[in-house]
$ cat entry11.txt   # compact mmCIF, C-alpha atoms and all ligand atoms
# COMPACT_ATOMS: atom_id res chain seq x y z
CA MET A 1 -37.70 -45.02 42.93
CA ASN A 2 -41.21 -46.40 42.76
CA ARG A 3 -42.26 -46.59 46.41
CA PRO A 4 -45.65 -48.07 47.26
CA ILE A 5 -48.21 -45.73 48.81
CA ARG A 6 -48.70 -46.89 52.37
CA SER A 7 -51.76 -46.53 54.59
CA PHE A 8 -49.71 -45.34 57.56
CA VAL A 9 -47.03 -42.85 58.50
CA LEU A 10 -44.80 -44.26 61.20
CA ARG A 11 -44.84 -41.86 64.12
CA GLN A 12 -43.48 -44.05 66.84
CA GLY A 13 -44.45 -41.65 69.61
CA ARG A 14 -43.32 -42.45 73.09
CA THR A 15 -42.57 -46.05 73.92
CA THR A 16 -42.84 -46.73 77.64
CA PRO A 17 -40.20 -48.90 79.33
CA ALA A 18 -42.80 -51.68 79.75
CA GLN A 19 -43.66 -51.57 76.05
CA GLN A 20 -39.97 -51.62 75.12
CA ARG A 21 -39.32 -54.61 77.38
CA ALA A 22 -42.21 -56.39 75.67
CA LEU A 23 -40.87 -55.57 72.20
CA ASP A 24 -37.45 -56.90 73.19
CA GLY A 25 -38.49 -59.92 75.22
CA LEU A 26 -41.99 -60.97 74.12
CA LEU A 27 -42.05 -60.26 70.39
CA PRO A 28 -39.76 -63.28 69.84
CA VAL A 29 -42.23 -65.38 71.88
CA TYR A 30 -45.65 -64.21 70.66
CA GLY A 31 -44.70 -62.62 67.35
CA ILE A 32 -44.68 -64.26 63.96
CA PRO A 33 -41.68 -62.95 62.03
CA PHE A 34 -42.17 -61.59 58.51
CA PRO A 35 -42.52 -63.40 56.11
CA GLU A 36 -43.15 -66.71 57.88
CA LYS A 37 -46.37 -68.46 56.77
CA ILE A 38 -49.21 -68.24 59.29
CA GLN A 39 -50.41 -71.68 60.37
CA SER A 40 -53.51 -72.48 62.38
CA LYS A 41 -55.50 -75.55 63.41
CA GLN A 42 -58.56 -73.53 64.49
CA PRO A 43 -60.58 -70.98 62.49
CA LEU A 44 -58.26 -68.05 61.82
CA VAL A 45 -59.09 -64.34 62.09
CA LEU A 46 -56.70 -61.60 61.00
CA GLU A 47 -57.06 -58.16 62.61
CA ILE A 48 -55.53 -55.30 60.66
CA GLY A 49 -54.44 -52.25 62.65
CA SER A 50 -54.96 -53.52 66.21
CA GLY A 51 -53.80 -50.21 67.75
CA MET A 52 -53.19 -50.59 71.49
CA GLY A 53 -54.79 -54.04 71.38
CA GLU A 54 -57.35 -53.89 74.23
CA THR A 55 -60.19 -55.01 71.97
CA THR A 56 -58.02 -57.60 70.28
CA ALA A 57 -57.11 -59.20 73.61
CA GLU A 58 -60.75 -59.09 74.80
CA ILE A 59 -61.99 -60.87 71.68
CA ALA A 60 -59.26 -63.51 71.92
CA ARG A 61 -60.07 -64.10 75.61
CA THR A 62 -63.76 -64.65 74.89
CA HIS A 63 -63.15 -66.91 71.85
CA PRO A 64 -60.57 -69.55 72.78
CA GLU A 65 -61.90 -71.73 69.93
CA VAL A 66 -60.60 -69.23 67.34
CA ASP A 67 -57.00 -68.24 66.52
CA PHE A 68 -56.31 -64.51 66.09
CA VAL A 69 -53.41 -62.74 64.45
CA ALA A 70 -53.09 -59.00 65.08
CA VAL A 71 -51.16 -56.97 62.50
CA GLU A 72 -49.88 -53.53 63.49
CA VAL A 73 -46.94 -51.29 62.60
CA HIS A 74 -47.06 -49.01 65.64
CA GLY A 75 -44.37 -50.12 68.12
CA PRO A 76 -45.96 -48.91 71.38
CA GLY A 77 -49.27 -50.59 70.41
CA ILE A 78 -47.52 -53.89 69.68
CA GLY A 79 -45.67 -53.59 73.01
CA SER A 80 -48.92 -53.07 74.94
CA LEU A 81 -50.62 -55.97 73.23
CA LEU A 82 -47.67 -58.28 73.93
CA ASN A 83 -47.90 -57.40 77.62
CA ARG A 84 -51.60 -58.24 77.61
CA ILE A 85 -51.00 -61.60 75.93
CA GLU A 86 -48.41 -62.45 78.59
CA LYS A 87 -50.47 -61.19 81.54
CA GLU A 88 -53.69 -62.89 80.44
CA ARG A 89 -51.86 -66.01 79.20
CA LEU A 90 -53.69 -65.87 75.88
CA GLN A 91 -52.89 -69.01 73.89
CA ASN A 92 -54.78 -68.06 70.73
CA LEU A 93 -53.38 -64.62 69.86
CA ARG A 94 -50.20 -63.84 67.92
CA VAL A 95 -48.91 -60.55 66.54
CA VAL A 96 -47.10 -59.44 63.43
CA ARG A 97 -45.28 -56.10 63.41
CA HIS A 98 -45.41 -55.30 59.73
CA ASP A 99 -47.45 -53.68 56.94
CA ALA A 100 -50.71 -55.62 56.66
CA VAL A 101 -50.71 -55.52 52.86
CA GLU A 102 -47.39 -57.36 52.73
CA VAL A 103 -48.49 -59.69 55.51
CA LEU A 104 -51.54 -60.67 53.47
CA GLU A 105 -49.46 -61.10 50.33
CA ARG A 106 -46.59 -63.09 51.81
CA MET A 107 -47.66 -64.68 55.10
CA VAL A 108 -51.33 -65.56 54.74
CA VAL A 109 -52.11 -68.77 52.86
CA ASP A 110 -54.78 -68.43 50.16
CA ALA A 111 -58.33 -69.28 51.28
CA SER A 112 -57.25 -69.68 54.91
CA LEU A 113 -59.05 -66.87 56.77
CA ALA A 114 -62.43 -67.21 58.46
CA ALA A 115 -62.60 -63.43 58.90
CA VAL A 116 -60.74 -60.14 58.65
CA HIS A 117 -61.23 -57.39 61.23
CA LEU A 118 -60.65 -53.84 60.13
CA PHE A 119 -61.66 -51.71 63.09
CA PHE A 120 -61.39 -47.96 62.62
CA PRO A 121 -58.76 -47.86 59.88
CA ASP A 122 -57.16 -44.44 59.45
CA PRO A 123 -59.78 -42.47 57.47
CA TRP A 124 -57.35 -40.14 55.67
CA PRO A 125 -60.06 -37.47 55.39
CA LYS A 126 -58.35 -35.08 52.98
CA LYS A 127 -59.10 -35.79 49.34
CA ARG A 128 -55.44 -35.71 48.34
CA HIS A 129 -54.77 -38.41 50.96
CA HIS A 130 -57.55 -40.76 49.85
CA LYS A 131 -54.95 -42.79 47.98
CA ARG A 132 -53.53 -43.75 51.39
CA ARG A 133 -56.74 -45.38 52.53
CA LEU A 134 -56.18 -49.06 53.18
CA VAL A 135 -59.39 -50.06 51.45
CA GLN A 136 -58.66 -49.87 47.72
CA ALA A 137 -59.63 -52.21 44.88
CA PRO A 138 -56.35 -54.24 44.95
CA PHE A 139 -56.65 -54.63 48.74
CA VAL A 140 -60.24 -55.88 48.42
CA SER A 141 -59.10 -58.44 45.78
CA LEU A 142 -56.32 -59.53 48.12
CA LEU A 143 -58.81 -60.09 50.95
CA GLU A 144 -61.01 -62.12 48.62
CA LYS A 145 -58.06 -64.35 47.72
CA LYS A 146 -57.11 -64.94 51.37
CA LEU A 147 -60.59 -65.55 52.82
CA LYS A 148 -62.24 -68.94 52.77
CA PRO A 149 -65.50 -69.18 50.83
CA GLY A 150 -68.11 -67.71 53.19
CA GLY A 151 -65.40 -65.76 55.06
CA VAL A 152 -66.37 -62.35 56.43
CA VAL A 153 -64.81 -58.90 56.38
CA HIS A 154 -65.90 -56.85 59.40
CA ALA A 155 -65.02 -53.17 59.08
CA ALA A 156 -65.97 -50.33 61.41
CA THR A 157 -65.50 -46.60 61.02
CA ASP A 158 -66.58 -43.32 62.59
CA TRP A 159 -66.04 -41.45 59.34
CA PRO A 160 -69.24 -41.41 57.19
CA ASP A 161 -67.37 -40.70 53.97
CA TYR A 162 -65.07 -43.67 54.55
CA ALA A 163 -68.09 -45.87 55.31
CA LEU A 164 -69.52 -45.00 51.87
CA TRP A 165 -66.11 -45.58 50.30
CA ILE A 166 -65.81 -49.02 51.94
CA ASP A 167 -69.37 -49.93 50.93
CA ALA A 168 -68.58 -49.06 47.33
CA ALA A 169 -65.29 -50.99 47.36
CA PHE A 170 -67.12 -54.18 48.45
CA SER A 171 -70.12 -53.67 46.18
CA GLY A 172 -69.58 -57.05 44.47
CA TRP A 173 -69.76 -58.92 47.79
CA GLU A 174 -72.72 -60.33 49.65
CA LYS A 175 -73.74 -58.17 52.62
CA ALA A 176 -73.76 -59.97 55.96
CA SER A 177 -75.80 -58.95 59.00
CA ARG A 178 -73.11 -59.55 61.59
CA GLY A 179 -69.45 -60.33 62.02
CA PHE A 180 -67.64 -63.55 62.89
CA VAL A 181 -67.62 -62.38 66.52
CA GLU A 182 -69.16 -59.44 68.40
CA ARG A 183 -67.01 -56.32 68.30
CA PRO A 184 -66.35 -54.75 71.71
CA THR A 185 -65.79 -50.97 71.85
CA THR A 186 -62.34 -49.97 70.65
CA LYS A 187 -60.18 -47.08 71.75
CA PHE A 188 -60.76 -45.21 68.50
CA GLU A 189 -64.47 -45.85 68.64
CA ALA A 190 -64.61 -44.25 72.09
CA ARG A 191 -62.71 -41.26 70.74
CA GLY A 192 -65.11 -40.99 67.78
CA ARG A 193 -68.13 -41.11 70.08
CA ARG A 194 -66.67 -38.36 72.26
CA LEU A 195 -66.38 -36.23 69.12
CA GLY A 196 -70.01 -37.01 68.24
CA HIS A 197 -69.13 -39.13 65.20
CA PRO A 198 -71.62 -41.78 64.05
CA ILE A 199 -70.24 -45.31 64.28
CA ARG A 200 -70.86 -47.78 61.47
CA ASP A 201 -70.09 -51.47 61.29
CA LEU A 202 -69.99 -53.01 57.82
CA TYR A 203 -70.04 -56.74 57.10
CA PHE A 204 -69.28 -58.42 53.78
CA ARG A 205 -69.21 -62.12 52.96
CA LYS A 206 -67.07 -63.76 50.29
CA ARG A 207 -69.36 -65.69 47.95
C1 LIG B 1 -57.10 -45.33 63.82
S1 LIG B 1 -56.12 -46.63 64.45
C2 LIG B 1 -57.33 -47.80 65.06
C3 LIG B 1 -56.75 -48.75 66.09
C4 LIG B 1 -57.74 -49.74 66.71
N1 LIG B 1 -58.26 -50.67 65.70
C5 LIG B 1 -58.87 -49.04 67.40
O1 LIG B 1 -60.01 -49.07 66.89
O2 LIG B 1 -58.64 -48.48 68.48
C6 LIG B 1 -55.54 -47.42 62.96
C7 LIG B 1 -54.33 -48.32 63.19
O3 LIG B 1 -54.02 -48.99 61.98
C8 LIG B 1 -52.61 -49.12 61.88
N2 LIG B 1 -52.29 -49.34 60.47
C9 LIG B 1 -52.55 -48.50 59.43
N3 LIG B 1 -52.14 -49.02 58.27
C10 LIG B 1 -51.61 -50.25 58.58
C11 LIG B 1 -51.01 -51.27 57.79
N4 LIG B 1 -50.89 -51.15 56.47
N5 LIG B 1 -50.56 -52.36 58.42
C12 LIG B 1 -50.68 -52.49 59.77
N6 LIG B 1 -51.25 -51.57 60.56
C13 LIG B 1 -51.71 -50.46 59.98
C14 LIG B 1 -52.09 -47.82 62.46
O4 LIG B 1 -50.76 -47.94 62.91
C15 LIG B 1 -53.07 -47.56 63.59
O5 LIG B 1 -52.60 -48.10 64.82

$ encode --input "entry11.txt" --output "structure tokens"
Amino acid sequence: MNRPIRSFVLRQGRTTPAQQRALDGLLPVYGIPFPEKIQSKQPLVLEIGSGMGETTAEIARTHPEVDFVAVEVHGPGIGSLLNRIEKERLQNLRVVRHDAVEVLERMVVDASLAAVHLFFPDPWPKKRHHKRRLVQAPFVSLLEKKLKPGGVVHAATDWPDYALWIDAAFSGWEKASRGFVERPTTKFEARGRRLGHPIRDLYFRKR
């Protein structure tokens, strides 16, 4: 069977009772089921790999004039983010629990995104795993199709080799000097800093 190479390996880890309750009770409320089309009346930002969602919720709280959709496959992370949305009564943040590549392909309308956030994607450091990196030529073409003209990709990584890789993958794009919104520190950024990794933000604008 010809299975696609995915950018993640699903290790569910431990799901706390609170996260499980959120997955059961709040995903039907704040989730967008695959493959429903994503609609928005405000500028729309898609975050890929929102992890535990602290940063995602913070950005949504500080930008009520923008709609955010967080895409993540990790159940406990989705559960935590759902609890934040409920607790903080965030009106402008929805989540999709599914592979972001398929979400882009099937749920995101062409030329509808103001920005894409890709904060600390899994770096897959071993050479034989590079094929699992999310940023690949077909993925970059997909982003181009889904962004509006002038739309921005904001990526961040603590892995210098992946930063170079991402830079090369977007070499045909215009470089931007900042993102659609400011990026607060993420959980993985904090981990990278503790390990002494250099942090790089990369911004590319669709022409
Ligand atoms: C290294 S973590 C970073 C999480 C968060 N952005 C942060 O900075 O703390 C990468 C996340 O991307 C998610 N991920 C990887 N590939 C994905 C895909 N194709 N679709 C959705 N999520 C994905 C993983 O489950 C993981 O939670």

$ residues_around --input "entry11.txt" --residues "Asp161 in chain A" --least-positions-apart "6" --cutoff "12 Å" --atoms "all atoms listed in the file" --output "PyMOL selection string"
chain A and resi 123-127+130+133+167-168+197-200

$ atom_distance --input "entry11.txt" --atom1 "CA of Arg106 in chain A" --atom2 "CA of Asp201 in chain A"
27.9 Å

$ residues_near_point --input "entry11.txt" --point "(-67.9, -48.8, 49.2)" --cutoff "12 Å" --atoms "only C-alpha atoms" --output "ChimeraX atom specification"
/A:135-137,140,155,160-173,175,202-204

$ closest_atom_pairs --input "entry11.txt" --of "chain A" --to "ligand LIG 1 (chain B)" --cutoff "9 Å" --atoms "all atoms listed in the file" --output "JSON lines"
{"residue": "A:Arg6", "atom": "CA", "partner": "B:LIG1", "partner_atom": "N4", "distance": 6.3}
{"residue": "A:Ser7", "atom": "CA", "partner": "B:LIG1", "partner_atom": "N3", "distance": 4.5}
{"residue": "A:Phe8", "atom": "CA", "partner": "B:LIG1", "partner_atom": "N3", "distance": 4.5}
{"residue": "A:Val9", "atom": "CA", "partner": "B:LIG1", "partner_atom": "O4", "distance": 7.7}
{"residue": "A:Leu10", "atom": "CA", "partner": "B:LIG1", "partner_atom": "O4", "distance": 7.2}
{"residue": "A:Arg11", "atom": "CA", "partner": "B:LIG1", "partner_atom": "O4", "distance": 8.6}
{"residue": "A:Glu47", "atom": "CA", "partner": "B:LIG1", "partner_atom": "N1", "distance": 8.2}
{"residue": "A:Ile48", "atom": "CA", "partner": "B:LIG1", "partner_atom": "C12", "distance": 5.7}
{"residue": "A:Gly49", "atom": "CA", "partner": "B:LIG1", "partner_atom": "O3", "distance": 3.4}
{"residue": "A:Ser50", "atom": "CA", "partner": "B:LIG1", "partner_atom": "N1", "distance": 4.4}
{"residue": "A:Gly51", "atom": "CA", "partner": "B:LIG1", "partner_atom": "C3", "distance": 3.7}
{"residue": "A:Met52", "atom": "CA", "partner": "B:LIG1", "partner_atom": "O2", "distance": 6.6}
{"residue": "A:Gly53", "atom": "CA", "partner": "B:LIG1", "partner_atom": "C4", "distance": 7.0}
{"residue": "A:Glu54", "atom": "CA", "partner": "B:LIG1", "partner_atom": "O2", "distance": 8.0}
{"residue": "A:Thr55", "atom": "CA", "partner": "B:LIG1", "partner_atom": "O2", "distance": 7.6}
{"residue": "A:Thr56", "atom": "CA", "partner": "B:LIG1", "partner_atom": "N1", "distance": 8.3}
{"residue": "A:Ala70", "atom": "CA", "partner": "B:LIG1", "partner_atom": "C12", "distance": 8.7}
{"residue": "A:Val71", "atom": "CA", "partner": "B:LIG1", "partner_atom": "C12", "distance": 5.3}
{"residue": "A:Glu72", "atom": "CA", "partner": "B:LIG1", "partner_atom": "N6", "distance": 3.8}
{"residue": "A:Val73", "atom": "CA", "partner": "B:LIG1", "partner_atom": "N6", "distance": 4.8}
{"residue": "A:His74", "atom": "CA", "partner": "B:LIG1", "partner_atom": "O4", "distance": 4.7}
{"residue": "A:Gly75", "atom": "CA", "partner": "B:LIG1", "partner_atom": "O4", "distance": 8.5}
{"residue": "A:Gly77", "atom": "CA", "partner": "B:LIG1", "partner_atom": "O5", "distance": 7.0}
{"residue": "A:Val96", "atom": "CA", "partner": "B:LIG1", "partner_atom": "C12", "distance": 8.6}
{"residue": "A:Arg97", "atom": "CA", "partner": "B:LIG1", "partner_atom": "C12", "distance": 7.4}
{"residue": "A:His98", "atom": "CA", "partner": "B:LIG1", "partner_atom": "C12", "distance": 6.0}
{"residue": "A:Asp99", "atom": "CA", "partner": "B:LIG1", "partner_atom": "N5", "distance": 3.7}
{"residue": "A:Ala100", "atom": "CA", "partner": "B:LIG1", "partner_atom": "N5", "distance": 3.7}
{"residue": "A:Val101", "atom": "CA", "partner": "B:LIG1", "partner_atom": "N4", "distance": 5.7}
{"residue": "A:Glu102", "atom": "CA", "partner": "B:LIG1", "partner_atom": "N4", "distance": 8.0}
{"residue": "A:Val103", "atom": "CA", "partner": "B:LIG1", "partner_atom": "N5", "distance": 8.2}
{"residue": "A:His117", "atom": "CA", "partner": "B:LIG1", "partner_atom": "N1", "distance": 8.6}
{"residue": "A:Leu118", "atom": "CA", "partner": "B:LIG1", "partner_atom": "N1", "distance": 6.8}
{"residue": "A:Phe119", "atom": "CA", "partner": "B:LIG1", "partner_atom": "N1", "distance": 4.4}
{"residue": "A:Phe120", "atom": "CA", "partner": "B:LIG1", "partner_atom": "O1", "distance": 4.6}
{"residue": "A:Pro121", "atom": "CA", "partner": "B:LIG1", "partner_atom": "C6", "distance": 4.5}
{"residue": "A:Asp122", "atom": "CA", "partner": "B:LIG1", "partner_atom": "C1", "distance": 4.5}
{"residue": "A:Pro123", "atom": "CA", "partner": "B:LIG1", "partner_atom": "C1", "distance": 7.5}
{"residue": "A:Arg132", "atom": "CA", "partner": "B:LIG1", "partner_atom": "N3", "distance": 8.8}
{"residue": "A:Arg133", "atom": "CA", "partner": "B:LIG1", "partner_atom": "N3", "distance": 8.2}
{"residue": "A:Leu134", "atom": "CA", "partner": "B:LIG1", "partner_atom": "N3", "distance": 6.5}
{"residue": "A:Ala156", "atom": "CA", "partner": "B:LIG1", "partner_atom": "O1", "distance": 8.2}
{"residue": "A:Thr157", "atom": "CA", "partner": "B:LIG1", "partner_atom": "O1", "distance": 8.4}
{"residue": "A:Thr185", "atom": "CA", "partner": "B:LIG1", "partner_atom": "O1", "distance": 7.8}
{"residue": "A:Thr186", "atom": "CA", "partner": "B:LIG1", "partner_atom": "O1", "distance": 4.5}
{"residue": "A:Lys187", "atom": "CA", "partner": "B:LIG1", "partner_atom": "O2", "distance": 3.9}
{"residue": "A:Phe188", "atom": "CA", "partner": "B:LIG1", "partner_atom": "O2", "distance": 3.9}
{"residue": "A:Glu189", "atom": "CA", "partner": "B:LIG1", "partner_atom": "O1", "distance": 5.8}
{"residue": "A:Ala190", "atom": "CA", "partner": "B:LIG1", "partner_atom": "O2", "distance": 8.2}
{"residue": "A:Arg191", "atom": "CA", "partner": "B:LIG1", "partner_atom": "O2", "distance": 8.6}

$ closest_residue --input "entry11.txt" --among "A:Glu58, A:Glu105, A:Asp110, A:Glu65" --to "Ile85 in chain A" --atoms "only C-alpha atoms"
A:Glu58

$ atom_distance --input "entry11.txt" --atom1 "CA of Ser112 in chain A" --atom2 "CA of Leu26 in chain A"
26.0 Å

$ residues_around --input "entry11.txt" --residues "Pro149 in chain A" --least-positions-apart "6" --cutoff "9 Å" --atoms "only C-alpha atoms" --output "number ranges by chain"
A: 111, 114, 205-207

$ axis_aligned_box --input "entry11.txt" --around "range 127-137 of chain A" --padding-each-side "4 Å" --output "JSON"
{"center_x": -56.6, "center_y": -44.0, "center_z": 49.0, "size_x": 14.1, "size_y": 24.5, "size_z": 16.3}

$ atom_distance --input "entry11.txt" --atom1 "CA of Pro138 in chain A" --atom2 "CA of Gly150 in chain A"
19.7 Å

$ closest_residue --input "entry11.txt" --among "A:Ala60, A:Ile38, A:Val95, A:Ile5" --to "Leu23 in chain A" --atoms "all atoms listed in the file"
A:Val95

$ residues_near_point --input "entry11.txt" --point "(-53.2, -70.0, 57.0)" --cutoff "10 Å" --atoms "only C-alpha atoms" --output "VMD selection string"
chain A and resid 37 to 46 107 to 114 146 to 147

$ closest_residue --input "entry11.txt" --among "A:Asp24, A:Phe180, A:Arg61, A:Leu143" --to "Glu88 in chain A" --atoms "all atoms listed in the file"
A:Arg61

$ closest_residue --input "entry11.txt" --among "A:His154, A:Arg194, A:Arg178, A:Arg14" --to "Gly79 in chain A" --atoms "all atoms listed in the file"
A:Arg14

$ closest_residue --input "entry11.txt" --among "A:Arg193, A:His129, A:Arg94, A:Lys145" --to "Leu27 in chain A" --atoms "only C-alpha atoms"
A:Arg94

$ build_atoms --input "entry11.txt" --residues "range 183-206 of chain A" --atoms "N, CA and C atoms" --output "mmCIF file, in the frame of the given file"
data_model
loop_
_atom_site.group_PDB
_atom_site.id
_atom_site.type_symbol
_atom_site.label_atom_id
_atom_site.label_comp_id
_atom_site.auth_asym_id
_atom_site.auth_seq_id
_atom_site.Cartn_x
_atom_site.Cartn_y
_atom_site.Cartn_z
ATOM 1 N N ARG A 183 -68.116 -57.268 68.146
ATOM 2 C CA ARG A 183 -67.010 -56.320 68.300
ATOM 3 C C ARG A 183 -67.194 -55.497 69.577
ATOM 4 N N PRO A 184 -66.285 -55.640 70.548
ATOM 5 C CA PRO A 184 -66.350 -54.750 71.710
ATOM 6 C C PRO A 184 -65.926 -53.341 71.291
ATOM 7 N N THR A 185 -66.206 -52.353 72.131
ATOM 8 C CA THR A 185 -65.790 -50.970 71.850
ATOM 9 C C THR A 185 -64.280 -50.891 71.744
ATOM 10 N N THR A 186 -63.782 -50.153 70.756
ATOM 11 C CA THR A 186 -62.340 -49.970 70.650
ATOM 12 C C THR A 186 -61.973 -48.565 71.132
ATOM 13 N N LYS A 187 -60.674 -48.370 71.296
ATOM 14 C CA LYS A 187 -60.180 -47.080 71.750
ATOM 15 C C LYS A 187 -60.582 -45.961 70.765
ATOM 16 N N PHE A 188 -60.425 -46.236 69.491
ATOM 17 C CA PHE A 188 -60.760 -45.210 68.500
ATOM 18 C C PHE A 188 -62.254 -44.993 68.375
ATOM 19 N N GLU A 189 -63.026 -46.047 68.638
ATOM 20 C CA GLU A 189 -64.470 -45.850 68.640
ATOM 21 C C GLU A 189 -64.857 -44.892 69.755
ATOM 22 N N ALA A 190 -64.289 -45.095 70.937
ATOM 23 C CA ALA A 190 -64.610 -44.250 72.090
ATOM 24 C C ALA A 190 -64.254 -42.794 71.777
ATOM 25 N N ARG A 191 -63.130 -42.601 71.119
ATOM 26 C CA ARG A 191 -62.710 -41.260 70.740
ATOM 27 C C ARG A 191 -63.715 -40.650 69.750
ATOM 28 N N GLY A 192 -64.125 -41.446 68.768
ATOM 29 C CA GLY A 192 -65.110 -40.990 67.780
ATOM 30 C C GLY A 192 -66.416 -40.602 68.440
ATOM 31 N N ARG A 193 -66.867 -41.406 69.389
ATOM 32 C CA ARG A 193 -68.130 -41.110 70.080
ATOM 33 C C ARG A 193 -68.024 -39.801 70.856
ATOM 34 N N ARG A 194 -66.875 -39.614 71.510
ATOM 35 C CA ARG A 194 -66.670 -38.360 72.260
ATOM 36 C C ARG A 194 -66.781 -37.156 71.339
ATOM 37 N N LEU A 195 -66.337 -37.326 70.090
ATOM 38 C CA LEU A 195 -66.380 -36.230 69.120
ATOM 39 C C LEU A 195 -67.740 -36.138 68.433
ATOM 40 N N GLY A 196 -68.657 -37.033 68.821
ATOM 41 C CA GLY A 196 -70.010 -37.010 68.240
ATOM 42 C C GLY A 196 -70.095 -37.670 66.869
ATOM 43 N N HIS A 197 -69.100 -38.481 66.511
ATOM 44 C CA HIS A 197 -69.130 -39.130 65.200
ATOM 45 C C HIS A 197 -70.083 -40.336 65.218
ATOM 46 N N PRO A 198 -70.799 -40.567 64.122
ATOM 47 C CA PRO A 198 -71.620 -41.780 64.050
ATOM 48 C C PRO A 198 -70.738 -43.005 63.788
ATOM 49 N N ILE A 199 -71.058 -44.099 64.430
ATOM 50 C CA ILE A 199 -70.240 -45.310 64.280
ATOM 51 C C ILE A 199 -70.961 -46.272 63.333
ATOM 52 N N ARG A 200 -70.248 -46.794 62.371
ATOM 53 C CA ARG A 200 -70.860 -47.780 61.470
ATOM 54 C C ARG A 200 -70.042 -49.047 61.390
ATOM 55 N N ASP A 201 -70.719 -50.179 61.530
ATOM 56 C CA ASP A 201 -70.090 -51.470 61.290
ATOM 57 C C ASP A 201 -70.568 -51.967 59.927
ATOM 58 N N LEU A 202 -69.646 -52.513 59.147
ATOM 59 C CA LEU A 202 -69.990 -53.010 57.820
ATOM 60 C C LEU A 202 -69.508 -54.461 57.713
ATOM 61 N N TYR A 203 -70.368 -55.312 57.171
ATOM 62 C CA TYR A 203 -70.040 -56.740 57.100
ATOM 63 C C TYR A 203 -70.223 -57.233 55.659
ATOM 64 N N PHE A 204 -69.206 -57.907 55.147
ATOM 65 C CA PHE A 204 -69.280 -58.420 53.780
ATOM 66 C C PHE A 204 -68.817 -59.877 53.777
ATOM 67 N N ARG A 205 -69.560 -60.695 53.009
ATOM 68 C CA ARG A 205 -69.210 -62.120 52.960
ATOM 69 C C ARG A 205 -68.702 -62.493 51.592
ATOM 70 N N LYS A 206 -67.600 -63.250 51.567
ATOM 71 C CA LYS A 206 -67.070 -63.760 50.290
ATOM 72 C C LYS A 206 -68.031 -64.834 49.766
#
